[in-house]
Amino acid sequence: MLIVLTLLFAVAFVAPLIFRKLGRSTFYILAAVPAAGFIWLIATFGSYTNANQKALDGAPNAPPSEVFAWVPGLQLELAFRMDTLAAVLCILILGVGALVLFYCARYFKADDPDIGPFGAQLLAFTGAMFGLVTADDLILMYIFWELTSVLSYLLIGYARHRLSARRSALQALIVTTFGGLAMLVGILMIGQTAGTYRISEILAEASSLMAYGQIIDIAILLMLVGAISKSALVPFHFWLPAAMAAPTPVSAYLHAAAMVKAGIYLVALLAPGFSSTDYWHPVVLGLGLLTMLVGGWQALRQHDLKLILAYGTVSQLGFLTLVVGLGSQEAALAGLGLLLAHGFFKATLFLVVGIIDHQSGTRDIRELSHLYRKAPKLFVVALIGAASMAGLPPLLGFVAKESVYEAFIHREEASGWVGGLLLAGIVVGSILTFAYSARFIWGGFAAKPGLAAIEFKPVPWAFLAAPAILAVATVLFGLWPVPVENAVEPYAGLFPLDTVVTHLALWHGLTPALGLTAITLAAGVALFLLRTPVAAFQAKIHFIPEADRIYRGIIGVLDEVAIWVTGRTQRGSLVFYLCVILIVAIVTPLSAVVLMDAPLPESLVWFDTPAQAIAGLIVVAGALGAIRANKRFMAVLMVSVTGYGLAFIFAIQGAPDLALTQMLVETISLVAIVLALRSLPARLWLRTPGRFKLLRAVIGAAFGLTMIVIAMTAMAARTADPVSLALPKLAYEDGGGRNIVNVILVDIRAWDTFGEISVLALAATGVASLIFIRGRGDQRPPSVDAVASGSVGRGYEMVAHSDREAAALATARKFAVVPRDAWLVAGRTLAPERRSIIFEVITRLLFHSVMIFSVYLLLAGHNLPGGGFAGGLLAGIALTIRYLAGGRVELAEATPVSAGLLLGVGLAAAALTAVVPLFLGGQVFQSAIIEFSLPVFGDHKFVTSTIFDIGVYLVVVGLVLDVLRSFGSEIDERTEERTSRGRKASELHAPATIEEEVSK
């Protein structure tokens, strides 16, 4: 299982690169991945059915399972389990997925520039669905559940240039994410009540969990909210027809065979243990029946072939939910049979619609005519799919629907009028299904009076193969349903034994179910023949508001409320924002201190040493200086004084790591802010800051005093020994290092650090996106010689006010182009008046030493002060020196590597240390200590968490490089462009000299 899952995501990851080489033929390679998984599934299918029988005998984990520890303290595991239900779903996920990917190779144009990301997303969606149905941990299942929502958003919005596609994608994301969040609450309630998140264990203990009463009822109800939103049941059904803005292969896979089946899977998963909860039958049976009727009724109104199938899918999803949620052995058998049948015939029909649209250019049934003559093979395939959807023999759809009728007839006999009402509703829904199935065939292929035969290109077999294979499967398993019954029977065995046992069979004899089928077919034919008066009747009752319109109205109200709230809170005043933040930060913790009667220390120590007092005074002086400063540069400089003072306190308190990191961070921050200040006015205040001065002073002082009180109460409230006392031993014995801070960062708390460097990468990307309009600014400027000549031509051509200045500039030009010490090119890229010879000399002396020392800090950080963060900051300072010495061209010469590449490689290296231990039988981010001896150098010890530290180093360097290119190089270039335009404008309007007049 894990190999298949890993392979699906791995190939999806590299798919865009393959598309660049092979074009749309890459879809064949992508199709081979789920096809291989499908072959593996069929070859091992018997083991899952046998294992399910063992599960019935009291072994909840009998089906094949793979479990890896993830976060043991939170009871989180990477647990996967393949039982019968998961295997049946995987038939659709892998089998139909492979056919759809194969189909895409002829559906998309060869020169489509977006098929690379599309193919990767579609294959990744296959992996997400496979992970969802095989996950044996509720939290893990939820992660895959939300991943399908995100990927479906990307796939539906494939045509991002179209507003309808973007809007539909966002609508689907909002609806399914809303349901997913409700489901998450239910998951947490069940997990905390059961004491485990393992699905197999929860289902095995379902009877004992039912004793908790209302809490389990509500938890199951919340999980059902997630199911009905994902499977597009009323009232969430409107998102699925809107999602038809997606390419047809997406509709065939996500909305017929895979994504919408996730909700059906969840209902089927919970039904054996929790179908007797209080809210189960009203939600599952009531909404399922209502959805079946609403979807079928709406399908009769559509003129787009794809929308006919979309509303038909809504109807069938309601039908499936109704059947698998009934909670009986008969219904479970029929439900999974119908699940497979629906996946086969609905995927077939969507793929047929894609061929019609591709070959004729339209899906409108008012324009299509005589297509059965133009494409007879396509017509036969479509007819098989539609007949199976309508429930005609001898197809799998008929076999499954007969079993459903049998199950609900027996339900009606046992439960009276409620069962009768359900059975009547199913019959009416099936009549509607027959009618819109006939409408699909008539609308797409029939000869219509007054319409000429539409132009239609021949359909190659490679294009028709995928729907044809699915049609053959529909016929084969209709005539021979035994394999389907054998596949789903172990799941049905999880329910209590029914008094009447039914089977999936083509012929049950002259039964009441066959009579209902005859009524269905007769009434369906009549409803289709009366389509004109039915359409007129539907037009008359169109005043009922549609769900999509209600959704848009709700979103509109939310937008209005958001605008109202934003207009009164986001006033564009920094003073207002700070006041709100600080007041909340004062009131909330102080209220807790007062209400909880928090203790205060019995004695106060103002400082331990005179050096500490001096450092404190420096910090206070810097803060006061920042308040009194009237220019931005001075304010920033004073704030930096407070930072350096804090670093000094860390140093004298015996925390060299913190002191070093604080000093480096302060230095980088100071440079970045000073560079950004070039785009801001020099003065700090653009208006008189006298208003509310006293109030602001009171709030600021109160905030400072509040933080002091909180710190004092926190120290006084301690009753247990600090956890830090155990850290030295833990760091050395488990982390293999003596530097406690670094070992904590890269080993003990590696998850936290990974999150932090991810935030750094996001911050760098955000900074770059705010500054750069096109690209990230990683492109290299012209060669040094070209820039030099250009600089001589631009930067040195400043108006000389005297012959002495002209002579000085000429001498500087000559000096600038001397090709010496090429690694520092400032002499050929900066105008003389911008150069600092002293700074260049310092750069020549320090740059290489600082870079080497940064690498030393990286490698030595596990046992000595340093580490990847400090080393990366120091390397960033070295690059800053190069930039300050030679400008943007010097920075480009110093860093030929992309900042984005550094960030990506750094995150990848850190992620590698998380994943690799799993394949070696360890835990996520588990470190290994490797001891070895070398001649001359002696004994050594290497800890694999150093690789994680290297990733941190690269991410920090990438962040600094992004900041330098954003606030430094880009602003430099824009300034030069403005100066050049101004100079050209002045030359254009300058008066002619005496020599020019004479020459004229």
# chains A, B, ... in the order shown; residues from 1 in each chain; ligands from 1
>>> select_by_dssp(residues="stretch 820-890 of chain A", states="alpha helix (DSSP H)", output="PyMOL selection string")
chain A and resi 837-860+868-890
>>> residues_around(residues="stretch 858-863 of chain A", least_positions_apart="3", cutoff="6 Å", atoms="only C-alpha atoms", output="VMD selection string")
chain A and resid 737 to 739 742 855 866 to 868 871
>>> residues_around(residues="A:Leu8", least_positions_apart="2", cutoff="8 Å", atoms="only C-alpha atoms", output="number ranges by chain")
A: 4-6, 10-12, 33-34, 123-124, 126-127
>>> atom_distance(atom1="atom CA of A:Gly180", atom2="atom CA of A:Gly226")
4.9 Å
>>> atom_distance(atom1="atom CA of A:Gly157", atom2="atom CA of A:Ser229")
19.0 Å
>>> residues_around(residues="stretch 200-213 of chain A", least_positions_apart="3", cutoff="8 Å", atoms="only C-alpha atoms", output="VMD selection string")
chain A and resid 58 60 to 61 136 193 to 194 196 to 197 216 to 217 270 272 to 274 277
>>> closest_atom_pairs(of="stretch 707-785 of chain A", to="stretch 585-609 of chain A", cutoff="8 Å", atoms="only C-alpha atoms", output="tab-separated table")
residue	atom	partner	partner_atom	distance
A:Ile710	CA	A:Pro589	CA	7.4
A:Met712	CA	A:Leu600	CA	6.3
A:Thr713	CA	A:Leu600	CA	5.1
A:Met715	CA	A:Pro601	CA	7.5
A:Ala716	CA	A:Pro601	CA	5.1
A:Ala717	CA	A:Pro599	CA	6.0
>>> closest_residue(among="A:Leu670, A:Ala473, A:Leu269, A:Leu221", to="A:Ile190", atoms="only C-alpha atoms")
A:Leu221
>>> residues_around(residues="stretch 613-617 of chain A", least_positions_apart="3", cutoff="7 Å", atoms="only C-alpha atoms", output="VMD selection string")
chain A and resid 607 609 to 610 620 to 621 645 648 to 649
